[in-house]
file entry_37.txt (compact mmCIF, C-alpha atoms and all ligand atoms)
# COMPACT_ATOMS: atom_id res chain seq x y z
CA MET W 1 0.00 0.00 0.00
CA GLY W 2 1.23 3.47 -0.83
CA THR W 3 4.24 2.64 -2.95
CA LYS W 4 4.41 6.04 -4.63
CA GLU W 5 6.34 8.75 -2.82
CA TYR W 6 4.47 12.06 -2.81
CA PHE W 7 7.20 14.20 -1.29
CA PRO W 8 10.31 12.89 -3.07
CA GLY W 9 13.64 14.35 -2.06
CA ILE W 10 12.36 15.15 1.45
CA GLY W 11 13.40 12.76 4.19
CA LYS W 12 12.57 12.58 7.86
CA ILE W 13 12.78 16.07 9.38
CA LYS W 14 15.44 16.20 12.09
CA PHE W 15 16.39 18.52 14.88
CA GLU W 16 19.51 20.41 13.81
CA GLY W 17 19.48 23.33 16.25
CA ALA W 18 19.22 27.10 15.97
CA GLU W 19 22.41 27.49 13.95
CA SER W 20 21.30 25.24 11.09
CA ASP W 21 20.74 26.79 7.64
CA ASN W 22 18.61 23.87 6.51
CA PRO W 23 14.99 25.07 6.15
CA LEU W 24 13.85 21.44 6.36
CA SER W 25 15.12 20.94 9.89
CA PHE W 26 13.89 21.80 13.37
CA LYS W 27 15.70 24.65 15.08
CA PHE W 28 14.04 24.30 18.50
CA TYR W 29 11.82 21.23 18.37
CA ASP W 30 13.93 18.44 19.81
CA PRO W 31 11.29 15.74 20.46
CA GLU W 32 13.21 13.69 23.01
CA LYS W 33 14.51 16.63 25.02
CA ILE W 34 13.26 16.64 28.60
CA ILE W 35 11.50 19.79 29.69
CA GLY W 36 10.50 19.63 33.34
CA LYS W 37 9.38 16.05 33.76
CA LYS W 38 8.32 15.18 30.22
CA LYS W 39 9.73 14.92 26.72
CA MET W 40 9.07 17.87 24.47
CA LYS W 41 6.94 15.73 22.16
CA ASP W 42 4.76 14.63 25.08
CA HIS W 43 4.14 18.20 26.17
CA LEU W 44 3.32 19.43 22.69
CA ARG W 45 1.40 16.52 21.15
CA PHE W 46 1.46 17.95 17.63
CA ALA W 47 -1.23 17.06 15.12
CA VAL W 48 -1.65 17.81 11.41
CA ALA W 49 -5.05 18.87 10.07
CA TYR W 50 -6.04 16.64 7.15
CA TRP W 51 -8.29 19.27 5.56
CA HIS W 52 -5.92 22.19 5.16
CA SER W 53 -2.87 20.16 4.25
CA PHE W 54 -4.33 17.62 1.84
CA CYS W 55 -7.77 18.84 0.72
CA ALA W 56 -7.38 22.62 0.37
CA ASP W 57 -5.94 23.65 -2.96
CA GLY W 58 -5.33 27.37 -2.61
CA THR W 59 -8.72 28.37 -4.07
CA ASP W 60 -10.00 31.68 -2.72
CA PRO W 61 -13.15 33.69 -3.58
CA PHE W 62 -11.19 35.45 -6.33
CA GLY W 63 -9.13 32.73 -7.89
CA ALA W 64 -8.72 29.12 -8.92
CA ALA W 65 -6.57 26.44 -7.34
CA THR W 66 -2.86 27.09 -7.13
CA HIS W 67 -1.86 23.96 -5.22
CA LEU W 68 -1.89 21.28 -7.88
CA HIS W 69 -1.48 18.27 -5.66
CA PRO W 70 0.05 15.15 -7.25
CA TRP W 71 -2.46 12.98 -5.37
CA VAL W 72 -5.23 14.68 -7.32
CA ALA W 73 -3.41 14.81 -10.65
CA ASP W 74 -2.52 11.12 -10.75
CA ALA W 75 -5.99 9.77 -9.89
CA LYS W 76 -8.86 8.74 -12.18
CA ASN W 77 -11.88 9.37 -9.92
CA PRO W 78 -12.77 10.83 -6.48
CA ILE W 79 -12.23 7.49 -4.72
CA GLU W 80 -8.74 7.19 -6.17
CA VAL W 81 -8.00 10.80 -5.23
CA ALA W 82 -8.97 9.98 -1.65
CA GLU W 83 -6.79 6.86 -1.63
CA HIS W 84 -3.76 8.69 -2.95
CA ARG W 85 -4.45 11.60 -0.63
CA MET W 86 -4.32 9.24 2.33
CA ASP W 87 -1.00 7.80 1.15
CA ALA W 88 0.39 11.33 0.83
CA ALA W 89 -1.01 12.33 4.24
CA PHE W 90 0.57 9.44 6.15
CA GLU W 91 3.85 9.88 4.28
CA PHE W 92 3.78 13.53 5.38
CA PHE W 93 2.91 12.76 9.04
CA SER W 94 5.77 10.25 9.22
CA LYS W 95 8.36 12.46 7.57
CA LEU W 96 7.39 15.43 9.72
CA GLY W 97 7.46 13.26 12.85
CA VAL W 98 4.11 14.23 14.35
CA GLU W 99 2.31 11.79 16.56
CA PHE W 100 -1.26 12.81 15.71
CA TYR W 101 -3.65 13.99 13.02
CA ALA W 102 -7.24 15.27 12.96
CA PHE W 103 -9.85 14.87 10.22
CA HIS W 104 -13.42 15.49 9.07
CA ASP W 105 -15.28 12.53 7.58
CA ARG W 106 -15.41 14.22 4.17
CA ASP W 107 -11.70 15.02 4.14
CA MET W 108 -10.95 11.35 4.13
CA ALA W 109 -13.89 9.86 2.24
CA PRO W 110 -15.93 11.39 -0.58
CA GLU W 111 -19.68 11.65 -0.13
CA GLY W 112 -21.82 9.00 -1.89
CA GLU W 113 -25.19 9.31 -3.60
CA THR W 114 -27.11 8.42 -0.42
CA PRO W 115 -26.36 8.56 3.33
CA VAL W 116 -26.03 4.75 3.36
CA GLU W 117 -23.51 4.83 0.53
CA SER W 118 -21.58 7.69 2.18
CA GLU W 119 -21.26 5.68 5.37
CA LYS W 120 -20.00 2.63 3.46
CA ILE W 121 -17.37 4.72 1.70
CA LEU W 122 -16.31 6.21 5.02
CA GLN W 123 -15.98 2.77 6.57
CA THR W 124 -13.71 1.64 3.72
CA PHE W 125 -11.43 4.61 4.27
CA VAL W 126 -11.47 4.17 8.02
CA ALA W 127 -10.24 0.60 7.55
CA ARG W 128 -7.46 1.94 5.32
CA ALA W 129 -6.56 4.65 7.83
CA LYS W 130 -6.48 2.07 10.60
CA ASP W 131 -3.85 0.08 8.69
CA LYS W 132 -1.88 3.26 8.00
CA GLN W 133 -1.99 4.18 11.70
CA GLN W 134 -0.64 0.76 12.60
CA GLU W 135 2.06 0.96 9.94
CA THR W 136 3.28 4.42 10.97
CA GLY W 137 2.38 4.67 14.67
CA VAL W 138 0.52 7.95 13.99
CA LYS W 139 -2.64 8.35 16.10
CA LEU W 140 -5.92 10.18 15.83
CA LEU W 141 -6.20 13.26 18.07
CA TRP W 142 -9.81 13.85 17.14
CA GLY W 143 -12.38 13.19 14.47
CA THR W 144 -15.30 15.32 13.36
CA ALA W 145 -18.04 15.59 10.75
CA ASN W 146 -18.17 18.20 8.03
CA LEU W 147 -21.63 19.70 8.53
CA PHE W 148 -21.04 22.88 6.56
CA THR W 149 -19.91 22.19 2.96
CA HIS W 150 -22.97 20.45 1.52
CA PRO W 151 -25.75 22.85 0.36
CA ARG W 152 -28.25 21.06 2.63
CA PHE W 153 -26.43 22.64 5.56
CA MET W 154 -26.66 26.19 4.29
CA ASN W 155 -29.15 27.03 7.08
CA GLY W 156 -27.27 25.08 9.74
CA ALA W 157 -27.05 21.43 10.78
CA ALA W 158 -28.25 20.73 14.35
CA THR W 159 -29.88 24.19 14.34
CA ASN W 160 -31.44 23.92 10.89
CA PRO W 161 -35.08 25.07 10.78
CA GLU W 162 -35.95 21.84 8.92
CA PHE W 163 -36.09 18.69 11.00
CA GLY W 164 -35.02 16.49 8.08
CA VAL W 165 -31.68 18.27 7.89
CA VAL W 166 -31.16 17.82 11.63
CA ALA W 167 -31.75 14.08 11.15
CA LEU W 168 -29.30 13.95 8.24
CA ALA W 169 -26.73 15.77 10.35
CA ALA W 170 -27.24 13.16 13.10
CA ASN W 171 -26.79 10.42 10.54
CA GLN W 172 -23.46 11.89 9.54
CA VAL W 173 -22.29 12.56 13.11
CA LYS W 174 -23.16 9.00 14.14
CA ALA W 175 -20.98 7.63 11.34
CA ALA W 176 -18.17 10.04 12.23
CA ILE W 177 -18.35 9.03 15.91
CA ASP W 178 -18.19 5.36 14.89
CA ALA W 179 -15.17 6.19 12.69
CA THR W 180 -13.46 8.03 15.54
CA ILE W 181 -14.00 5.10 17.90
CA GLU W 182 -12.73 2.63 15.32
CA LEU W 183 -9.57 4.68 14.85
CA GLY W 184 -8.95 4.99 18.59
CA GLY W 185 -9.52 8.77 18.50
CA LEU W 186 -8.84 10.57 21.76
CA GLY W 187 -11.47 13.19 21.10
CA TYR W 188 -14.48 14.13 19.01
CA THR W 189 -14.92 17.77 17.99
CA PHE W 190 -18.04 19.79 17.30
CA TRP W 191 -17.22 22.98 15.52
CA GLY W 192 -20.54 24.74 14.94
CA GLY W 193 -19.95 25.24 11.21
CA ARG W 194 -23.15 27.02 10.32
CA GLU W 195 -24.80 26.79 13.75
CA GLY W 196 -25.74 30.43 13.99
CA TYR W 197 -27.72 32.89 11.92
CA MET W 198 -27.48 35.74 9.46
CA SER W 199 -30.76 37.56 10.19
CA ILE W 200 -32.97 37.61 13.26
CA LEU W 201 -35.93 38.30 10.94
CA ASN W 202 -36.00 34.64 9.89
CA THR W 203 -34.63 33.00 13.04
CA ASP W 204 -36.08 31.52 16.24
CA LEU W 205 -32.89 31.86 18.27
CA LYS W 206 -34.24 30.23 21.43
CA ARG W 207 -35.46 27.16 19.58
CA GLU W 208 -32.24 26.77 17.60
CA LYS W 209 -30.10 26.83 20.73
CA GLU W 210 -32.33 24.26 22.39
CA HIS W 211 -32.03 22.05 19.33
CA LEU W 212 -28.26 22.34 19.47
CA ALA W 213 -28.28 21.19 23.10
CA ARG W 214 -30.66 18.33 22.37
CA PHE W 215 -28.45 17.21 19.47
CA LEU W 216 -25.28 17.27 21.58
CA ILE W 217 -26.89 15.44 24.50
CA SER W 218 -28.07 12.61 22.30
CA ALA W 219 -24.77 12.42 20.35
CA ARG W 220 -22.90 12.19 23.64
CA ASP W 221 -25.21 9.48 24.93
CA TYR W 222 -24.79 7.50 21.72
CA ALA W 223 -20.99 7.74 21.78
CA ARG W 224 -20.76 6.73 25.43
CA LYS W 225 -23.07 3.79 24.76
CA GLN W 226 -20.68 2.70 22.01
CA GLY W 227 -17.82 2.78 24.51
CA PHE W 228 -16.23 6.11 23.54
CA LYS W 229 -14.08 7.17 26.49
CA GLY W 230 -12.47 10.24 24.94
CA ALA W 231 -13.32 13.92 25.28
CA PHE W 232 -15.95 15.82 23.35
CA TYR W 233 -14.83 19.26 22.30
CA ILE W 234 -16.79 22.31 21.29
CA GLU W 235 -14.71 24.68 19.24
CA PRO W 236 -15.77 28.29 19.78
CA LYS W 237 -15.89 30.79 16.93
CA PRO W 238 -17.79 34.08 16.97
CA CYS W 239 -18.68 34.43 13.29
CA GLU W 240 -17.88 33.16 9.81
CA PRO W 241 -19.58 31.62 8.00
CA THR W 242 -22.66 32.96 9.83
CA LYS W 243 -22.89 36.41 11.34
CA HIS W 244 -23.58 35.21 14.89
CA GLN W 245 -22.25 31.75 15.71
CA TYR W 246 -23.85 30.26 18.82
CA ASP W 247 -20.54 28.96 20.21
CA ARG W 248 -19.16 32.48 20.34
CA ASP W 249 -16.21 32.09 22.70
CA VAL W 250 -15.07 29.99 25.66
CA GLU W 251 -17.16 31.86 28.21
CA THR W 252 -20.31 31.51 26.10
CA VAL W 253 -19.70 27.82 25.54
CA ALA W 254 -19.08 27.28 29.27
CA GLY W 255 -22.46 28.84 30.13
CA PHE W 256 -24.18 26.68 27.53
CA LEU W 257 -22.51 23.49 28.74
CA HIS W 258 -23.50 24.19 32.36
CA MET W 259 -27.04 25.08 31.43
CA TYR W 260 -27.55 21.72 29.71
CA GLY W 261 -25.47 19.55 32.06
CA LEU W 262 -22.86 18.82 29.42
CA ASP W 263 -19.87 20.12 31.36
CA GLN W 264 -18.70 16.69 32.53
CA ASP W 265 -18.20 15.34 29.02
CA PHE W 266 -17.44 18.41 26.95
CA LYS W 267 -14.37 20.59 26.93
CA VAL W 268 -13.24 23.26 24.51
CA ASN W 269 -10.95 23.09 21.53
CA ILE W 270 -9.53 26.58 21.41
CA GLU W 271 -8.36 28.02 18.12
CA ALA W 272 -6.03 31.02 18.21
CA ASN W 273 -7.55 32.60 15.10
CA HIS W 274 -11.07 32.25 16.48
CA ALA W 275 -10.02 33.90 19.74
CA GLU W 276 -8.78 36.83 17.71
CA LEU W 277 -12.03 37.03 15.73
CA ALA W 278 -13.91 37.15 19.06
CA GLY W 279 -11.81 40.13 20.10
CA HIS W 280 -9.84 38.11 22.66
CA ASP W 281 -6.21 37.27 23.14
CA PHE W 282 -5.53 33.58 22.50
CA VAL W 283 -4.21 33.29 26.05
CA HIS W 284 -7.41 34.83 27.45
CA GLU W 285 -9.40 31.98 25.93
CA LEU W 286 -6.95 29.41 27.29
CA GLU W 287 -6.98 30.93 30.79
CA THR W 288 -10.77 31.16 30.79
CA ALA W 289 -11.07 27.50 29.85
CA ALA W 290 -8.54 26.55 32.52
CA ALA W 291 -10.40 28.59 35.15
CA LEU W 292 -13.74 27.04 34.22
CA GLY W 293 -12.40 23.48 34.13
CA ILE W 294 -13.05 22.91 30.42
CA PHE W 295 -9.56 23.19 28.94
CA GLY W 296 -9.29 20.49 26.30
CA SER W 297 -7.29 20.95 23.12
CA VAL W 298 -5.83 23.65 20.88
CA ASP W 299 -6.07 24.48 17.21
CA ALA W 300 -2.69 26.09 16.76
CA ASN W 301 -2.65 28.82 14.16
CA ARG W 302 -2.86 32.57 13.92
CA GLY W 303 -4.94 35.19 12.17
CA GLU W 304 -3.86 38.36 10.52
CA PRO W 305 -4.84 41.12 12.97
CA ARG W 306 -5.53 43.58 10.16
CA ASN W 307 -7.93 41.19 8.40
CA GLY W 308 -11.32 40.40 9.86
CA TRP W 309 -11.38 36.76 8.82
CA ASP W 310 -10.14 33.31 9.56
CA THR W 311 -6.84 33.24 7.69
CA ASP W 312 -5.59 30.09 9.47
CA GLN W 313 -1.89 30.91 9.17
CA PHE W 314 0.88 28.97 10.81
CA PRO W 315 1.78 30.31 14.26
CA HIS W 316 5.10 32.10 14.41
CA SER W 317 5.07 34.51 17.34
CA TYR W 318 7.25 33.17 20.16
CA TYR W 319 5.63 35.73 22.43
CA GLU W 320 2.20 34.18 21.84
CA THR W 321 3.36 30.58 21.96
CA ALA W 322 5.23 31.24 25.22
CA LEU W 323 2.13 32.77 26.79
CA ALA W 324 0.00 29.89 25.54
CA MET W 325 2.38 27.20 26.77
CA TYR W 326 2.63 28.96 30.11
CA THR W 327 -1.11 28.41 30.57
CA VAL W 328 -0.88 24.85 29.27
CA LEU W 329 1.84 24.06 31.84
CA LYS W 330 -0.07 25.77 34.64
CA VAL W 331 -3.15 23.68 33.91
CA GLY W 332 -1.02 20.52 34.12
CA GLY W 333 -0.52 19.89 30.40
CA PHE W 334 -2.68 18.18 27.81
CA THR W 335 -4.49 14.97 28.66
CA THR W 336 -6.60 13.96 25.65
CA GLY W 337 -5.77 17.13 23.72
CA GLY W 338 -2.80 18.46 21.82
CA LEU W 339 -1.64 21.17 19.43
CA ASN W 340 -3.39 20.66 16.12
CA PHE W 341 -2.11 22.79 13.26
CA ASP W 342 -5.39 24.02 11.88
CA ALA W 343 -3.32 26.10 9.51
CA LYS W 344 -2.75 26.31 5.81
CA ILE W 345 0.10 27.52 3.69
CA ARG W 346 -0.69 30.62 1.66
CA ARG W 347 -2.26 30.42 -1.76
CA ASN W 348 1.00 31.58 -3.31
CA SER W 349 3.21 29.14 -1.39
CA THR W 350 3.29 26.52 -4.10
CA ASP W 351 6.38 24.35 -3.55
CA PRO W 352 5.72 20.90 -2.06
CA ALA W 353 8.37 21.74 0.56
CA ASP W 354 6.29 24.75 1.73
CA LEU W 355 3.87 22.43 3.54
CA PHE W 356 6.78 21.06 5.58
CA ILE W 357 8.24 24.51 6.16
CA GLY W 358 4.92 25.87 7.49
CA HIS W 359 4.62 23.02 9.99
CA ILE W 360 8.29 23.17 10.96
CA GLY W 361 7.93 26.87 11.78
CA GLY W 362 4.84 26.22 13.88
CA MET W 363 6.46 23.33 15.73
CA ASP W 364 9.59 25.35 16.41
CA ALA W 365 7.49 28.27 17.65
CA PHE W 366 5.67 26.05 20.16
CA ALA W 367 8.88 24.26 21.19
CA ALA W 368 10.52 27.61 21.89
CA GLY W 369 7.35 28.74 23.67
CA LEU W 370 7.45 25.63 25.83
CA GLU W 371 11.06 26.27 26.87
CA ILE W 372 10.28 29.87 27.76
CA ALA W 373 7.14 28.88 29.66
CA GLN W 374 9.02 26.25 31.63
CA ARG W 375 11.55 28.87 32.66
CA LEU W 376 8.79 31.25 33.74
CA ILE W 377 7.43 28.48 35.96
CA GLU W 378 10.80 27.40 37.37
CA LYS W 379 11.83 30.94 38.17
CA ALA W 380 8.35 31.72 39.50
CA VAL W 381 8.58 34.98 37.55
CA PHE W 382 4.90 35.81 37.82
CA SER W 383 3.47 33.32 40.27
CA SER W 384 5.17 34.83 43.31
CA PHE W 385 4.04 38.32 42.30
CA ILE W 386 0.46 37.16 41.77
CA LYS W 387 0.42 35.24 45.05
CA GLU W 388 1.52 38.32 46.92
CA ARG W 389 -0.96 40.50 45.03
CA TYR W 390 -3.91 38.51 46.38
CA SER W 391 -2.43 37.75 49.81
CA SER W 392 -5.01 39.86 51.67
CA PHE W 393 -7.44 36.99 51.01
CA ASP W 394 -5.14 34.39 52.56
CA SER W 395 -6.07 35.06 56.18
CA GLY W 396 -8.35 37.10 58.44
CA ASP W 397 -11.46 38.73 57.00
CA GLY W 398 -10.25 38.24 53.43
CA ALA W 399 -10.16 34.47 53.93
CA ARG W 400 -13.59 34.58 55.64
CA PHE W 401 -14.96 36.44 52.62
CA GLU W 402 -13.61 33.80 50.23
CA LYS W 403 -15.23 31.04 52.29
CA GLY W 404 -18.57 32.81 52.22
CA ASP W 405 -18.48 33.49 55.97
CA LEU W 406 -19.18 37.23 55.75
CA SER W 407 -22.65 38.63 55.24
CA PHE W 408 -22.88 41.65 52.97
CA GLU W 409 -23.63 43.87 55.98
CA VAL W 410 -20.47 42.72 57.74
CA LEU W 411 -18.47 43.11 54.55
CA ALA W 412 -19.79 46.63 54.12
CA SER W 413 -19.11 47.54 57.73
CA LEU W 414 -15.53 46.31 57.39
CA GLY W 415 -15.17 48.79 54.52
CA THR W 416 -15.42 51.68 56.93
CA GLU W 417 -12.29 50.46 58.73
CA TYR W 418 -10.06 50.49 55.68
CA GLY W 419 -10.25 54.17 54.83
CA THR W 420 -7.96 55.08 51.90
CA ILE W 421 -6.56 51.92 50.39
CA GLY W 422 -6.00 50.44 46.94
CA ILE W 423 -3.12 52.47 45.56
CA ARG W 424 -0.66 49.70 45.00
CA SER W 425 1.25 49.30 41.77
CA ALA W 426 0.24 46.41 39.49
CA LYS W 427 3.74 46.59 37.97
CA GLN W 428 2.65 45.77 34.43
CA GLU W 429 5.69 47.29 32.75
CA LEU W 430 8.05 45.50 35.10
CA LEU W 431 6.34 42.17 34.47
CA GLU W 432 6.39 42.72 30.71
CA ASN W 433 10.12 43.43 30.91
CA LEU W 434 10.67 40.27 32.94
CA PHE W 435 8.76 38.31 30.32
CA ASN W 436 10.96 39.64 27.53
CA GLN W 437 14.07 38.91 29.54
CA GLN W 438 13.15 35.21 29.60
CA LEU W 439 11.87 35.25 26.02
CA LEU W 440 15.24 36.05 24.53
CA ARG W 441 17.15 33.47 26.52
CA LEU W 442 16.60 30.55 24.20
C1 LIG J 501 -13.19 26.37 10.98
C2 LIG J 501 -12.79 25.44 12.00
C3 LIG J 501 -12.76 23.98 11.58
C4 LIG J 501 -12.75 23.06 12.77
C5 LIG J 501 -13.06 21.64 12.45
O1 LIG J 501 -13.08 27.58 11.15
O2 LIG J 501 -11.54 25.83 12.49
O3 LIG J 501 -11.70 23.73 10.73
O4 LIG J 501 -11.53 23.10 13.44
O5 LIG J 501 -14.32 21.51 11.89
CA CA J 502 -10.27 24.91 14.03
CA CA J 503 -10.10 28.57 11.65

call {"tool": "encode", "arguments": {"input": "entry_37.txt", "output": "structure tokens"}}
result
Amino acid sequence: MGTKEYFPGIGKIKFEGAESDNPLSFKFYDPEKIIGKKKMKDHLRFAVAYWHSFCADGTDPFGAATHLHPWVADAKNPIEVAEHRMDAAFEFFSKLGVEFYAFHDRDMAPEGETPVESEKILQTFVARAKDKQQETGVKLLWGTANLFTHPRFMNGAATNPEFGVVALAANQVKAAIDATIELGGLGYTFWGGREGYMSILNTDLKREKEHLARFLISARDYARKQGFKGAFYIEPKPCEPTKHQYDRDVETVAGFLHMYGLDQDFKVNIEANHAELAGHDFVHELETAAALGIFGSVDANRGEPRNGWDTDQFPHSYYETALAMYTVLKVGGFTTGGLNFDAKIRRNSTDPADLFIGHIGGMDAFAAGLEIAQRLIEKAVFSSFIKERYSSFDSGDGARFEKGDLSFEVLASLGTEYGTIGIRSAKQELLENLFNQQLLRL
């Protein structure tokens, strides 16, 4: 199986260190290096996104495909394209040296004429992927269903105003859950593709949100019944393709999960670009998820701050990756989750090597971020400052307040005793300088 080589002339990518001039080598990602108590690769748990790397072809609203993939060119029909694509994908995962990948059902298997036929095709490709996983040791981080490309989903999937579409969406999700279980997936993701609306004039918002909850509850129950032990993720995004997406951001999703009793099974898959679209820092979304106990996995990419859309570029800011990894370390690291490169090379990056180079840059950025974050933890650069900043709650009335032992009247009466208080520097500039001091010590 898979005799043809799709990335000829490119071998296994190795760590060569920061001084190397070889663009096809890692400068900072040294998988076996121990950081704290774990190997770098076990902290970072990198995954490649099947859709951007092997299905996207550079098409944009203004122009035709620029990425003329050999796995498309050398195939006679859509099934053969999908077979060759899978060969190319696993060759790429192995050469890059990632441990995981993530996929939508339709990335891997073309849709058939009927739902029954589509499921059969998917099962064939799942069997093939299972062999490939065994052959290469690459594992599935999470699976998902594409509920946004087909025209039937133009008004949403679980939130579609037509019941028949909701049922078809369930049919597809059931097959994708079965596929994820069969492939030993550690997670199953729900990104609310078109779960949202464009105009309130044609939308019953309350009913749609209730339908979304009902759909997720029954999908969860089904998956658990089938023995799925992994995590369910909701991936927040504020807009695009709809104007108002229901899963706006981490805080919104947390409220929704609590309201419907889904918070034990569901966590969030946080995408950097989506955080930016929501007007948040990536690290704000990570910290919020950590604080609310729903930190799950990460879609590692970046947006373009001067564009208002989801550009899905490869991450490259060490500042951002260091901040992100700092939160990941503080929360105790990934369990089922990892860093999935939901990122695509630019339309005008057309060399086969560019796909490697994009991933290498992202992996190096997170490896460097991890090293910086570990140093911030070891040196307790911020934690000691923050501990001291809140120390008035550690004992006395402050501690009684935290425990809920003070009535509001008592709390208010205590206020009279404090007089003028509160002018204490928050030292932001100092802390920013300390951050930069560690950042440049790679
Ligand atoms: C789109 C999303 C999507 C999910 C998986 O904006 O990022 O790719 O990650 O459906
Ligand atoms: Ca994503
Ligand atoms: Ca995205």

call {"tool": "residues_near_ligand", "arguments": {"input": "entry_37.txt", "ligand": "ligand LIG 501 (chain J)", "cutoff": "9 Å", "atoms": "all atoms listed in the file", "output": "ChimeraX atom specification"}}
result
/W:49,51-52,102-104,143-148,189-193,235-237,240-241,269-271,273-274,299,310,312,340,342-343

call {"tool": "residues_around", "arguments": {"input": "entry_37.txt", "residues": "His280 in chain W", "least_positions_apart": "3", "cutoff": "12 Å", "atoms": "all atoms listed in the file", "output": "ChimeraX atom specification"}}
result
/W:236-238,248-251,270-277,283-288,303,305

call {"tool": "write_last_selection", "arguments": {"input": "entry_37.txt", "atoms": "C-alpha atoms", "output": "PDB file, keeping the file's coordinate frame"}}
result
ATOM      1  CA  PRO W 236     -15.770  28.290  19.780  1.00  0.00           C
ATOM      2  CA  LYS W 237     -15.890  30.790  16.930  1.00  0.00           C
ATOM      3  CA  PRO W 238     -17.790  34.080  16.970  1.00  0.00           C
ATOM      4  CA  ARG W 248     -19.160  32.480  20.340  1.00  0.00           C
ATOM      5  CA  ASP W 249     -16.210  32.090  22.700  1.00  0.00           C
ATOM      6  CA  VAL W 250     -15.070  29.990  25.660  1.00  0.00           C
ATOM      7  CA  GLU W 251     -17.160  31.860  28.210  1.00  0.00           C
ATOM      8  CA  ILE W 270      -9.530  26.580  21.410  1.00  0.00           C
ATOM      9  CA  GLU W 271      -8.360  28.020  18.120  1.00  0.00           C
ATOM     10  CA  ALA W 272      -6.030  31.020  18.210  1.00  0.00           C
ATOM     11  CA  ASN W 273      -7.550  32.600  15.100  1.00  0.00           C
ATOM     12  CA  HIS W 274     -11.070  32.250  16.480  1.00  0.00           C
ATOM     13  CA  ALA W 275     -10.020  33.900  19.740  1.00  0.00           C
ATOM     14  CA  GLU W 276      -8.780  36.830  17.710  1.00  0.00           C
ATOM     15  CA  LEU W 277     -12.030  37.030  15.730  1.00  0.00           C
ATOM     16  CA  VAL W 283      -4.210  33.290  26.050  1.00  0.00           C
ATOM     17  CA  HIS W 284      -7.410  34.830  27.450  1.00  0.00           C
ATOM     18  CA  GLU W 285      -9.400  31.980  25.930  1.00  0.00           C
ATOM     19  CA  LEU W 286      -6.950  29.410  27.290  1.00  0.00           C
ATOM     20  CA  GLU W 287      -6.980  30.930  30.790  1.00  0.00           C
ATOM     21  CA  THR W 288     -10.770  31.160  30.790  1.00  0.00           C
ATOM     22  CA  GLY W 303      -4.940  35.190  12.170  1.00  0.00           C
ATOM     23  CA  PRO W 305      -4.840  41.120  12.970  1.00  0.00           C
TER      24      PRO W 305
END

call {"tool": "atom_distance", "arguments": {"input": "entry_37.txt", "atom1": "CA of Gly17 in chain W", "atom2": "CA of Pro31 in chain W"}}
result
11.9 Å

call {"tool": "atom_distance", "arguments": {"input": "entry_37.txt", "atom1": "CA of Met259 in chain W", "atom2": "CA of Gly156 in chain W"}}
result
21.7 Å

call {"tool": "residues_around", "arguments": {"input": "entry_37.txt", "residues": "range 424-437 of chain W", "least_positions_apart": "4", "cutoff": "8 Å", "atoms": "all atoms listed in the file", "output": "list in words"}}
result
Leu376, Val381, Phe382 and Arg441 of chain W

call {"tool": "atom_distance", "arguments": {"input": "entry_37.txt", "atom1": "CA of Tyr319 in chain W", "atom2": "CA of Gly187 in chain W"}}
result
28.3 Å

call {"tool": "residues_around", "arguments": {"input": "entry_37.txt", "residues": "Thr242 in chain W", "least_positions_apart": "3", "cutoff": "10 Å", "atoms": "only C-alpha atoms", "output": "list in words"}}
result
Met154, Asn155, Gly156, Gly192, Gly193, Arg194, Glu195, Gly196, Tyr197, Met198, Ser199, Pro238, Cys239, Gln245 and Tyr246 of chain W

call {"tool": "residues_near_point", "arguments": {"input": "entry_37.txt", "point": "(5.4, 7.8, 5.2)", "cutoff": "12 Å", "atoms": "all atoms listed in the file", "output": "MDAnalysis selection string"}}
result
chainID W and resid 1:8 10:13 86:98 132:138

call {"tool": "write_last_selection", "arguments": {"input": "entry_37.txt", "atoms": "C-alpha atoms", "output": "mmCIF file, in the frame of the given file"}}
result
data_model
loop_
_atom_site.group_PDB
_atom_site.id
_atom_site.type_symbol
_atom_site.label_atom_id
_atom_site.label_comp_id
_atom_site.auth_asym_id
_atom_site.auth_seq_id
_atom_site.Cartn_x
_atom_site.Cartn_y
_atom_site.Cartn_z
ATOM 1 C CA MET W 1 0.000 0.000 0.000
ATOM 2 C CA GLY W 2 1.230 3.470 -0.830
ATOM 3 C CA THR W 3 4.240 2.640 -2.950
ATOM 4 C CA LYS W 4 4.410 6.040 -4.630
ATOM 5 C CA GLU W 5 6.340 8.750 -2.820
ATOM 6 C CA TYR W 6 4.470 12.060 -2.810
ATOM 7 C CA PHE W 7 7.200 14.200 -1.290
ATOM 8 C CA PRO W 8 10.310 12.890 -3.070
ATOM 9 C CA ILE W 10 12.360 15.150 1.450
ATOM 10 C CA GLY W 11 13.400 12.760 4.190
ATOM 11 C CA LYS W 12 12.570 12.580 7.860
ATOM 12 C CA ILE W 13 12.780 16.070 9.380
ATOM 13 C CA MET W 86 -4.320 9.240 2.330
ATOM 14 C CA ASP W 87 -1.000 7.800 1.150
ATOM 15 C CA ALA W 88 0.390 11.330 0.830
ATOM 16 C CA ALA W 89 -1.010 12.330 4.240
ATOM 17 C CA PHE W 90 0.570 9.440 6.150
ATOM 18 C CA GLU W 91 3.850 9.880 4.280
ATOM 19 C CA PHE W 92 3.780 13.530 5.380
ATOM 20 C CA PHE W 93 2.910 12.760 9.040
ATOM 21 C CA SER W 94 5.770 10.250 9.220
ATOM 22 C CA LYS W 95 8.360 12.460 7.570
ATOM 23 C CA LEU W 96 7.390 15.430 9.720
ATOM 24 C CA GLY W 97 7.460 13.260 12.850
ATOM 25 C CA VAL W 98 4.110 14.230 14.350
ATOM 26 C CA LYS W 132 -1.880 3.260 8.000
ATOM 27 C CA GLN W 133 -1.990 4.180 11.700
ATOM 28 C CA GLN W 134 -0.640 0.760 12.600
ATOM 29 C CA GLU W 135 2.060 0.960 9.940
ATOM 30 C CA THR W 136 3.280 4.420 10.970
ATOM 31 C CA GLY W 137 2.380 4.670 14.670
ATOM 32 C CA VAL W 138 0.520 7.950 13.990
#
